[in-house]
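Peer 1: Sharing protein-v4.cif, mmCIF, C-alpha atoms and all ligand atoms:
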```
data_my_file
#
loop_
_atom_site.group_PDB
_atom_site.id
_atom_site.type_symbol
_atom_site.label_atom_id
_atom_site.label_comp_id
_atom_site.auth_asym_id
_atom_site.auth_seq_id
_atom_site.Cartn_x
_atom_site.Cartn_y
_atom_site.Cartn_z
ATOM 1 C CA MET A 1 -24.518 -0.809 -2.620
ATOM 2 C CA ASP A 2 -26.584 -3.850 -1.602
ATOM 3 C CA LEU A 3 -25.143 -7.084 -0.331
ATOM 4 C CA PHE A 4 -25.864 -9.000 -3.520
ATOM 5 C CA SER A 5 -24.253 -6.640 -6.027
ATOM 6 C CA ALA A 6 -20.991 -5.982 -4.145
ATOM 7 C CA PRO A 7 -18.316 -8.317 -5.543
ATOM 8 C CA ASP A 8 -16.314 -10.332 -3.026
ATOM 9 C CA THR A 9 -13.419 -11.051 -5.360
ATOM 10 C CA LEU A 10 -10.833 -8.821 -7.012
ATOM 11 C CA GLN A 11 -12.073 -7.322 -10.301
ATOM 12 C CA PRO A 12 -9.501 -6.588 -13.028
ATOM 13 C CA ILE A 13 -8.833 -2.935 -13.900
ATOM 14 C CA PRO A 14 -7.796 -2.722 -17.563
ATOM 15 C CA ILE A 15 -4.242 -1.349 -17.833
ATOM 16 C CA ASP A 16 -1.408 -1.683 -20.371
ATOM 17 C CA ASP A 17 1.921 -3.260 -19.410
ATOM 18 C CA GLY A 18 0.920 -4.710 -16.059
ATOM 19 C CA GLU A 19 -1.814 -6.217 -13.943
ATOM 20 C CA LEU A 20 -4.131 -4.348 -11.620
ATOM 21 C CA SER A 21 -7.242 -5.530 -9.777
ATOM 22 C CA PHE A 22 -9.506 -4.005 -7.156
ATOM 23 C CA LEU A 23 -12.000 -5.031 -4.488
ATOM 24 C CA SER A 24 -13.981 -2.173 -2.915
ATOM 25 C CA GLN A 25 -14.558 -3.905 0.446
ATOM 26 C CA LEU A 26 -12.454 -6.777 1.707
ATOM 27 C CA ALA A 27 -14.320 -9.166 4.043
ATOM 28 C CA LEU A 28 -12.770 -8.442 7.457
ATOM 29 C CA PRO A 29 -13.230 -9.799 10.997
ATOM 30 C CA ALA A 30 -14.202 -6.344 12.385
ATOM 31 C CA PRO A 31 -15.597 -3.051 11.032
ATOM 32 C CA ASN A 32 -13.120 -0.908 9.080
ATOM 33 C CA ASP A 33 -13.076 1.848 11.718
ATOM 34 C CA VAL A 34 -12.280 -0.634 14.507
ATOM 35 C CA ILE A 35 -9.314 -2.000 12.541
ATOM 36 C CA LEU A 36 -8.169 1.550 11.725
ATOM 37 C CA GLN A 37 -8.172 2.486 15.433
ATOM 38 C CA ARG A 38 -6.271 -0.660 16.375
ATOM 39 C CA LEU A 39 -3.638 0.038 13.708
ATOM 40 C CA LEU A 40 -3.251 3.662 14.847
ATOM 41 C CA GLU A 41 -2.761 2.490 18.453
ATOM 42 C CA GLU A 42 -0.781 -0.740 18.043
ATOM 43 C CA ILE A 43 1.638 0.027 15.222
ATOM 44 C CA ASP A 44 5.070 1.422 16.082
ATOM 45 C CA TRP A 45 4.711 4.450 13.777
ATOM 46 C CA LYS A 46 7.902 6.339 12.899
ATOM 47 C CA GLU A 47 8.568 9.560 11.058
ATOM 48 C CA GLU A 48 11.433 8.201 8.949
ATOM 49 C CA THR A 49 14.133 10.294 7.375
ATOM 50 C CA ILE A 50 15.370 9.586 3.860
ATOM 51 C CA PHE A 51 18.149 11.023 1.724
ATOM 52 C CA VAL A 52 17.069 13.168 -1.226
ATOM 53 C CA TRP A 53 19.995 14.430 -3.326
ATOM 54 C CA GLY A 54 22.311 13.716 -0.388
ATOM 55 C CA LYS A 55 20.183 15.754 2.035
ATOM 56 C CA GLU A 56 18.370 14.215 4.979
ATOM 57 C CA GLN A 57 14.613 14.852 4.863
ATOM 58 C CA LYS A 58 11.613 13.788 6.892
ATOM 59 C CA GLN A 59 9.157 11.630 4.979
ATOM 60 C CA PRO A 60 5.768 13.369 4.653
ATOM 61 C CA ARG A 61 3.959 10.494 6.425
ATOM 62 C CA LEU A 62 4.485 7.956 9.211
ATOM 63 C CA SER A 63 5.568 4.426 8.378
ATOM 64 C CA ALA A 64 6.400 1.026 9.839
ATOM 65 C CA TRP A 65 7.707 -2.338 8.598
ATOM 66 C CA TYR A 66 6.574 -5.685 9.895
ATOM 67 C CA GLY A 67 7.579 -9.095 8.615
ATOM 68 C CA GLU A 68 10.152 -11.805 8.375
ATOM 69 C CA ALA A 69 12.850 -10.395 6.059
ATOM 70 C CA ALA A 70 15.026 -7.266 6.106
ATOM 71 C CA TYR A 71 14.342 -4.759 3.365
ATOM 72 C CA THR A 72 16.263 -1.945 1.654
ATOM 73 C CA TYR A 73 14.485 1.316 0.888
ATOM 74 C CA SER A 74 16.059 4.569 -0.259
ATOM 75 C CA ARG A 75 19.462 2.820 0.179
ATOM 76 C CA ARG A 76 18.798 2.085 3.857
ATOM 77 C CA LEU A 77 18.468 -1.356 5.380
ATOM 78 C CA PHE A 78 15.360 -1.772 7.532
ATOM 79 C CA THR A 79 14.919 -4.545 10.067
ATOM 80 C CA PRO A 80 11.204 -5.242 10.398
ATOM 81 C CA LEU A 81 9.292 -5.927 13.574
ATOM 82 C CA PRO A 82 7.563 -9.339 13.896
ATOM 83 C CA PHE A 83 3.940 -9.521 12.709
ATOM 84 C CA THR A 84 1.380 -8.588 15.362
ATOM 85 C CA PRO A 85 -1.679 -10.886 15.704
ATOM 86 C CA LEU A 86 -3.803 -8.313 13.810
ATOM 87 C CA LEU A 87 -1.277 -7.959 10.970
ATOM 88 C CA ALA A 88 -0.922 -11.757 10.741
ATOM 89 C CA GLU A 89 -4.721 -12.073 10.514
ATOM 90 C CA LEU A 90 -4.951 -9.387 7.801
ATOM 91 C CA LYS A 91 -2.089 -11.058 5.900
ATOM 92 C CA THR A 92 -3.921 -14.421 5.904
ATOM 93 C CA ILE A 93 -7.124 -12.782 4.607
ATOM 94 C CA VAL A 94 -5.242 -10.883 1.874
ATOM 95 C CA GLU A 95 -3.393 -14.072 0.865
ATOM 96 C CA GLY A 96 -6.708 -15.911 0.537
ATOM 97 C CA VAL A 97 -8.317 -13.261 -1.682
ATOM 98 C CA THR A 98 -5.254 -12.592 -3.870
ATOM 99 C CA GLY A 99 -3.894 -16.147 -4.133
ATOM 100 C CA HIS A 100 -0.403 -14.772 -3.387
ATOM 101 C CA ARG A 101 1.845 -15.416 -0.389
ATOM 102 C CA PHE A 102 3.374 -12.498 1.536
ATOM 103 C CA ASN A 103 6.037 -12.243 4.264
ATOM 104 C CA SER A 104 6.200 -8.503 4.966
ATOM 105 C CA VAL A 105 4.047 -5.439 5.168
ATOM 106 C CA LEU A 106 4.929 -1.766 4.850
ATOM 107 C CA LEU A 107 2.418 0.450 6.643
ATOM 108 C CA ASN A 108 1.979 4.125 5.818
ATOM 109 C CA CYS A 109 -0.066 6.606 7.818
ATOM 110 C CA TYR A 110 -1.190 9.782 6.047
ATOM 111 C CA ARG A 111 -2.057 12.070 8.959
ATOM 112 C CA ASN A 112 -3.873 14.678 6.880
ATOM 113 C CA GLU A 113 -4.025 16.272 3.406
ATOM 114 C CA ARG A 114 -0.396 17.414 3.642
ATOM 115 C CA ASP A 115 0.950 13.857 3.798
ATOM 116 C CA SER A 116 1.861 12.113 0.549
ATOM 117 C CA VAL A 117 4.105 9.574 -1.146
ATOM 118 C CA GLY A 118 6.278 10.593 -4.098
ATOM 119 C CA PHE A 119 6.154 8.767 -7.418
ATOM 120 C CA HIS A 120 8.119 5.537 -7.294
ATOM 121 C CA SER A 121 8.071 1.900 -8.415
ATOM 122 C CA ASP A 122 8.300 -0.905 -5.894
ATOM 123 C CA ASP A 123 11.054 -2.536 -7.912
ATOM 124 C CA GLU A 124 13.733 -3.411 -5.355
ATOM 125 C CA PRO A 125 15.598 -6.573 -6.475
ATOM 126 C CA GLU A 126 14.473 -8.572 -3.422
ATOM 127 C CA LEU A 127 10.848 -8.274 -4.638
ATOM 128 C CA GLY A 128 11.674 -10.147 -7.862
ATOM 129 C CA PRO A 129 10.936 -9.123 -11.487
ATOM 130 C CA THR A 130 7.127 -9.355 -11.359
ATOM 131 C CA PRO A 131 6.152 -8.666 -7.746
ATOM 132 C CA ALA A 132 2.595 -9.038 -6.471
ATOM 133 C CA ILE A 133 1.889 -6.219 -4.000
ATOM 134 C CA ALA A 134 -1.449 -6.074 -2.195
ATOM 135 C CA SER A 135 -2.525 -2.655 -0.923
ATOM 136 C CA LEU A 136 -5.169 -2.454 1.811
ATOM 137 C CA THR A 137 -6.626 0.904 2.871
ATOM 138 C CA PHE A 138 -8.407 2.104 6.019
ATOM 139 C CA GLY A 139 -9.842 5.546 6.707
ATOM 140 C CA THR A 140 -9.967 8.549 4.430
ATOM 141 C CA THR A 141 -10.041 8.017 0.666
ATOM 142 C CA ARG A 142 -6.953 9.257 -1.180
ATOM 143 C CA THR A 143 -6.328 9.094 -4.926
ATOM 144 C CA PHE A 144 -3.692 6.597 -6.033
ATOM 145 C CA ILE A 145 -2.108 7.827 -9.269
ATOM 146 C CA LEU A 146 -0.218 5.618 -11.719
ATOM 147 C CA LYS A 147 1.983 7.208 -14.387
ATOM 148 C CA HIS A 148 3.462 5.157 -17.237
ATOM 149 C CA LYS A 149 7.246 5.529 -17.411
ATOM 150 C CA THR A 150 7.531 5.990 -21.186
ATOM 151 C CA LEU A 151 4.001 6.662 -22.519
ATOM 152 C CA PRO A 152 1.765 9.674 -21.750
ATOM 153 C CA LYS A 153 -0.679 7.584 -19.727
ATOM 154 C CA THR A 154 -2.120 8.206 -16.261
ATOM 155 C CA VAL A 155 -4.546 6.037 -14.269
ATOM 156 C CA LYS A 156 -6.245 7.320 -11.090
ATOM 157 C CA ILE A 157 -7.927 5.074 -8.530
ATOM 158 C CA ASP A 158 -9.746 6.232 -5.402
ATOM 159 C CA LEU A 159 -8.559 3.928 -2.628
ATOM 160 C CA THR A 160 -11.592 3.864 -0.368
ATOM 161 C CA ASP A 161 -11.972 2.615 3.235
ATOM 162 C CA GLY A 162 -11.690 -1.199 3.326
ATOM 163 C CA SER A 163 -10.528 -1.533 -0.283
ATOM 164 C CA LEU A 164 -7.887 -3.891 -1.634
ATOM 165 C CA LEU A 165 -5.769 -3.138 -4.716
ATOM 166 C CA LEU A 166 -3.491 -5.791 -6.200
ATOM 167 C CA MET A 167 -0.541 -4.725 -8.381
ATOM 168 C CA ALA A 168 1.118 -7.567 -10.271
ATOM 169 C CA GLY A 169 2.868 -8.722 -13.435
ATOM 170 C CA MET A 170 4.981 -6.078 -15.180
ATOM 171 C CA LEU A 171 3.279 -3.132 -13.451
ATOM 172 C CA GLN A 172 6.278 -2.032 -11.339
ATOM 173 C CA ARG A 173 8.582 -2.232 -14.357
ATOM 174 C CA HIS A 174 6.454 0.044 -16.548
ATOM 175 C CA TRP A 175 4.617 2.339 -14.128
ATOM 176 C CA LYS A 176 5.313 4.631 -11.185
ATOM 177 C CA HIS A 177 2.713 5.363 -8.529
ATOM 178 C CA GLY A 178 2.194 7.954 -5.835
ATOM 179 C CA ILE A 179 -0.269 9.919 -3.740
ATOM 180 C CA ASN A 180 -0.261 13.721 -4.015
ATOM 181 C CA LYS A 181 -0.759 16.213 -1.242
ATOM 182 C CA GLU A 182 -4.201 17.801 -1.329
ATOM 183 C CA THR A 183 -5.521 21.239 -0.455
ATOM 184 C CA LYS A 184 -8.932 20.112 0.858
ATOM 185 C CA GLU A 185 -8.911 18.998 4.506
ATOM 186 C CA ARG A 186 -8.468 15.221 4.847
ATOM 187 C CA GLY A 187 -8.663 12.857 7.809
ATOM 188 C CA VAL A 188 -6.261 10.066 8.640
ATOM 189 C CA ARG A 189 -5.596 7.181 6.242
ATOM 190 C CA VAL A 190 -3.645 3.985 6.893
ATOM 191 C CA ASN A 191 -2.385 1.869 4.000
ATOM 192 C CA LEU A 192 -0.782 -1.570 4.224
ATOM 193 C CA THR A 193 1.231 -2.958 1.300
ATOM 194 C CA PHE A 194 1.815 -6.689 1.659
ATOM 195 C CA ARG A 195 4.922 -7.929 -0.149
ATOM 196 C CA LEU A 196 6.962 -11.106 -0.613
ATOM 197 C CA ILE A 197 10.641 -10.406 0.022
ATOM 198 C CA ALA A 198 13.171 -13.047 -1.041
HETATM 199 O O1 LIG A 201 -0.495 4.578 0.393
HETATM 200 C C1 LIG A 201 -0.610 3.981 -0.677
HETATM 201 O O2 LIG A 201 -1.703 3.707 -1.159
HETATM 202 C C2 LIG A 201 0.618 3.600 -1.462
HETATM 203 C C3 LIG A 201 1.850 3.359 -0.648
HETATM 204 C C4 LIG A 201 2.994 2.912 -1.509
HETATM 205 O O3 LIG A 201 3.039 3.112 -2.685
HETATM 206 C C5 LIG A 201 4.095 2.157 -0.910
HETATM 207 O O4 LIG A 201 4.093 1.955 0.310
HETATM 208 O O5 LIG A 201 4.989 1.720 -1.633
HETATM 209 FE FE FE A 202 4.559 1.869 -3.629
#
```
Could you render the structure from this file as structure tokens?
Ligand SMILES: O=C(O)CCC(=O)C(=O)O
Ligand SMILES: [Fe+2]
Peer 2:
Amino acid sequence: MDLFSAPDTLQPIPIDDGELSFLSQLALPAPNDVILQRLLEEIDWKEETIFVWGKEQKQPRLSAWYGEAAYTYSRRLFTPLPFTPLLAELKTIVEGVTGHRFNSVLLNCYRNERDSVGFHSDDEPELGPTPAIASLTFGTTRTFILKHKTLPKTVKIDLTDGSLLLMAGMLQRHWKHGINKETKERGVRVNLTFRLIA
């Protein structure tokens, strides 16, 4: 893609019952691979456990929370770490491009093809009824799958290195999203979802 055809603003992705927009390469202060390495080294990655049907299980990925407000997830209260300079810089850039304000970020690290995130909606009450969630990806491309909750509709988006996806409006109310495990060998991927928690 040449410099003059690559858009530098989010482009809408047509979808029913919600708002979705995508930018294939966010303008960043350093190359994607440099930011990826810094995130892998600087972030306090944890292999969290969650309760599934009353049984404790390891999440199939590493994760970390940074931000200003505590957050509940899978019925557990998480106290975030304060933003690092890099995360604060990325937040400011993402706020500028999306026009939304954020005060927390959930980071997920998919170590290889066996890591995944189950289908869910980011619909916790503290996010409000129509949350804007900005998803920034570094590293290996994985396919982000959206499934409508009541209609037989599926949307698949390849989240490529340096891309930004904005979910907004009624999307979390009407759709679930997730990332499946794959069989083909995959390298590491880091995803940051910026959120505004009340
Ligand atoms: O890794 C992704 O692209 C999605 C992560 C996600 O859905 C979440 O953190 O809520
Ligand atoms: Fe999510």
Peer 1: For ligand FE 202 (chain A), collect every residue having any atom at a distance of at most 8 Å from a ligand atom (counting all atoms listed in the file); output as an MDAnalysis selection string.
Peer 2: chainID A and resid 120:122 177:178 193
Peer 1: Check which residues satisfy the PyMOL selection byres (((chain A and resi 79) around 10) and not hetatm) in the file shown, then give them as a ChimeraX atom specification.
Peer 2: /A:65-72,76-78,80-82
Peer 1: Go ahead and write the selection's residues with C-alpha atoms as a short mmCIF file (atom, residue, chain, number, x, y, z; two decimals), in the coordinates of the input.
Peer 2:
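Result file again-v2.cif:
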```cif
data_model
loop_
_atom_site.label_atom_id
_atom_site.label_comp_id
_atom_site.auth_asym_id
_atom_site.auth_seq_id
_atom_site.Cartn_x
_atom_site.Cartn_y
_atom_site.Cartn_z
CA TRP A 65 7.71 -2.34 8.60
CA TYR A 66 6.57 -5.68 9.90
CA GLY A 67 7.58 -9.10 8.62
CA GLU A 68 10.15 -11.80 8.38
CA ALA A 69 12.85 -10.40 6.06
CA ALA A 70 15.03 -7.27 6.11
CA TYR A 71 14.34 -4.76 3.36
CA THR A 72 16.26 -1.94 1.65
CA ARG A 76 18.80 2.08 3.86
CA LEU A 77 18.47 -1.36 5.38
CA PHE A 78 15.36 -1.77 7.53
CA PRO A 80 11.20 -5.24 10.40
CA LEU A 81 9.29 -5.93 13.57
CA PRO A 82 7.56 -9.34 13.90
#
```
Peer 1: Using all atoms listed in the file and a cutoff of 7 Å, can you tell me which residues are near (5.3, -1.5, -20.4) in the file's coordinates, and write them out as a PDB file with C-alpha atoms, in the frame of the given file?
Peer 2:
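Saved as out_5.pdb:
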```pdb
ATOM      1  CA  ASP A  16      -1.408  -1.683 -20.371  1.00  0.00           C
ATOM      2  CA  ASP A  17       1.921  -3.260 -19.410  1.00  0.00           C
ATOM      3  CA  GLY A  18       0.920  -4.710 -16.059  1.00  0.00           C
ATOM      4  CA  MET A 170       4.981  -6.078 -15.180  1.00  0.00           C
ATOM      5  CA  ARG A 173       8.582  -2.232 -14.357  1.00  0.00           C
ATOM      6  CA  HIS A 174       6.454   0.044 -16.548  1.00  0.00           C
TER       7      HIS A 174
END
```
Peer 1: Enumerate as a ChimeraX atom specification the residues within 9 Å of ligand LIG 201 (chain A), counting only C-alpha atoms and all ligand atoms.
Peer 2: /A:63,105-110,116-122,133,135-137,142-144,159,165,176-179,189-193
Peer 1: Print the selection's residues with C-alpha atoms to a file, as a compact mmCIF listing (two decimals), in the frame of the given file.
Peer 2:
```
# COMPACT_ATOMS: atom_id res chain seq x y z
CA SER A 63 5.57 4.43 8.38
CA VAL A 105 4.05 -5.44 5.17
CA LEU A 106 4.93 -1.77 4.85
CA LEU A 107 2.42 0.45 6.64
CA ASN A 108 1.98 4.12 5.82
CA CYS A 109 -0.07 6.61 7.82
CA TYR A 110 -1.19 9.78 6.05
CA SER A 116 1.86 12.11 0.55
CA VAL A 117 4.11 9.57 -1.15
CA GLY A 118 6.28 10.59 -4.10
CA PHE A 119 6.15 8.77 -7.42
CA HIS A 120 8.12 5.54 -7.29
CA SER A 121 8.07 1.90 -8.41
CA ASP A 122 8.30 -0.90 -5.89
CA ILE A 133 1.89 -6.22 -4.00
CA SER A 135 -2.52 -2.66 -0.92
CA LEU A 136 -5.17 -2.45 1.81
CA THR A 137 -6.63 0.90 2.87
CA ARG A 142 -6.95 9.26 -1.18
CA THR A 143 -6.33 9.09 -4.93
CA PHE A 144 -3.69 6.60 -6.03
CA LEU A 159 -8.56 3.93 -2.63
CA LEU A 165 -5.77 -3.14 -4.72
CA LYS A 176 5.31 4.63 -11.18
CA HIS A 177 2.71 5.36 -8.53
CA GLY A 178 2.19 7.95 -5.84
CA ILE A 179 -0.27 9.92 -3.74
CA ARG A 189 -5.60 7.18 6.24
CA VAL A 190 -3.64 3.98 6.89
CA ASN A 191 -2.38 1.87 4.00
CA LEU A 192 -0.78 -1.57 4.22
CA THR A 193 1.23 -2.96 1.30
```
Peer 1: Which residue gives the smallest distance to A:Glu182 among A:Asn112, A:Asp8, A:Ala27, A:Leu40, with only C-alpha atoms counted?
Peer 2: A:Asn112
Peer 1: How far is it from atom CA of A:Asn103 to atom CA of A:Pro85, in Å with one decimal?
Peer 2: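 Value for the atom CA of A:Asn103-atom CA of A:Pro85 distance: 13.9 Å.
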Peer 1: I'd like the residues picked by the PyMOL selection byres (((chain A and resi 58) around 12) and not hetatm) written out as a PyMOL selection string, using the chain letters and numbers from the file.
Peer 2: chain A and resi 46-52+55-57+59-63+115-117
Peer 1: Could you jot down the atom CA of A:Asp158 to atom CA of A:Thr141 separation for me, Å, one decimal place?
Peer 2: 6.3 Å
Peer 1: Rank A:Asp123, A:Lys181, A:Ile15, A:Met167 by their smallest atom-to-atom distance to A:Thr154, using all atoms listed in the file, and report the top residue only.
Peer 2: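 Looking at the shortest contact to A:Thr154, the residue is A:Ile15.
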Peer 1: For a quick check of understanding, using only C-alpha atoms, which of A:Gln172, A:Gln11, A:Ala134, A:Leu196 has the smallest distance to A:Lys147?
Peer 2: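 Checking each of A:Gln172, A:Gln11, A:Ala134, A:Leu196 against A:Lys147, counting only C-alpha atoms, the winner is A:Gln172.
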Peer 1: Select, from A:Val34, A:Ile43, A:Leu164, A:Leu171, the residue with the minimum atom-to-atom distance to A:Thr84, counting only C-alpha atoms.
Peer 2: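 Closest candidate: A:Ile43.
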Peer 1: I would like the residues chosen by the PyMOL selection byres (((chain A and resi 10) around 10) and not hetatm) on the shown file; could you give them as a PyMOL selection string?
Peer 2: chain A and resi 7-9+11-13+20-26+97-98+163-166
Peer 1: From the list A:Thr150, A:Ser104, A:Thr140, A:Gln37, which residue is nearest A:Gly162 when using all atoms listed in the file?
Peer 2: A:Thr140
Peer 1: Rounded to one decimal, what separation in Å do you get between atom CA of A:Ala88 and atom CA of A:Ala168?
Peer 2: 21.5 Å
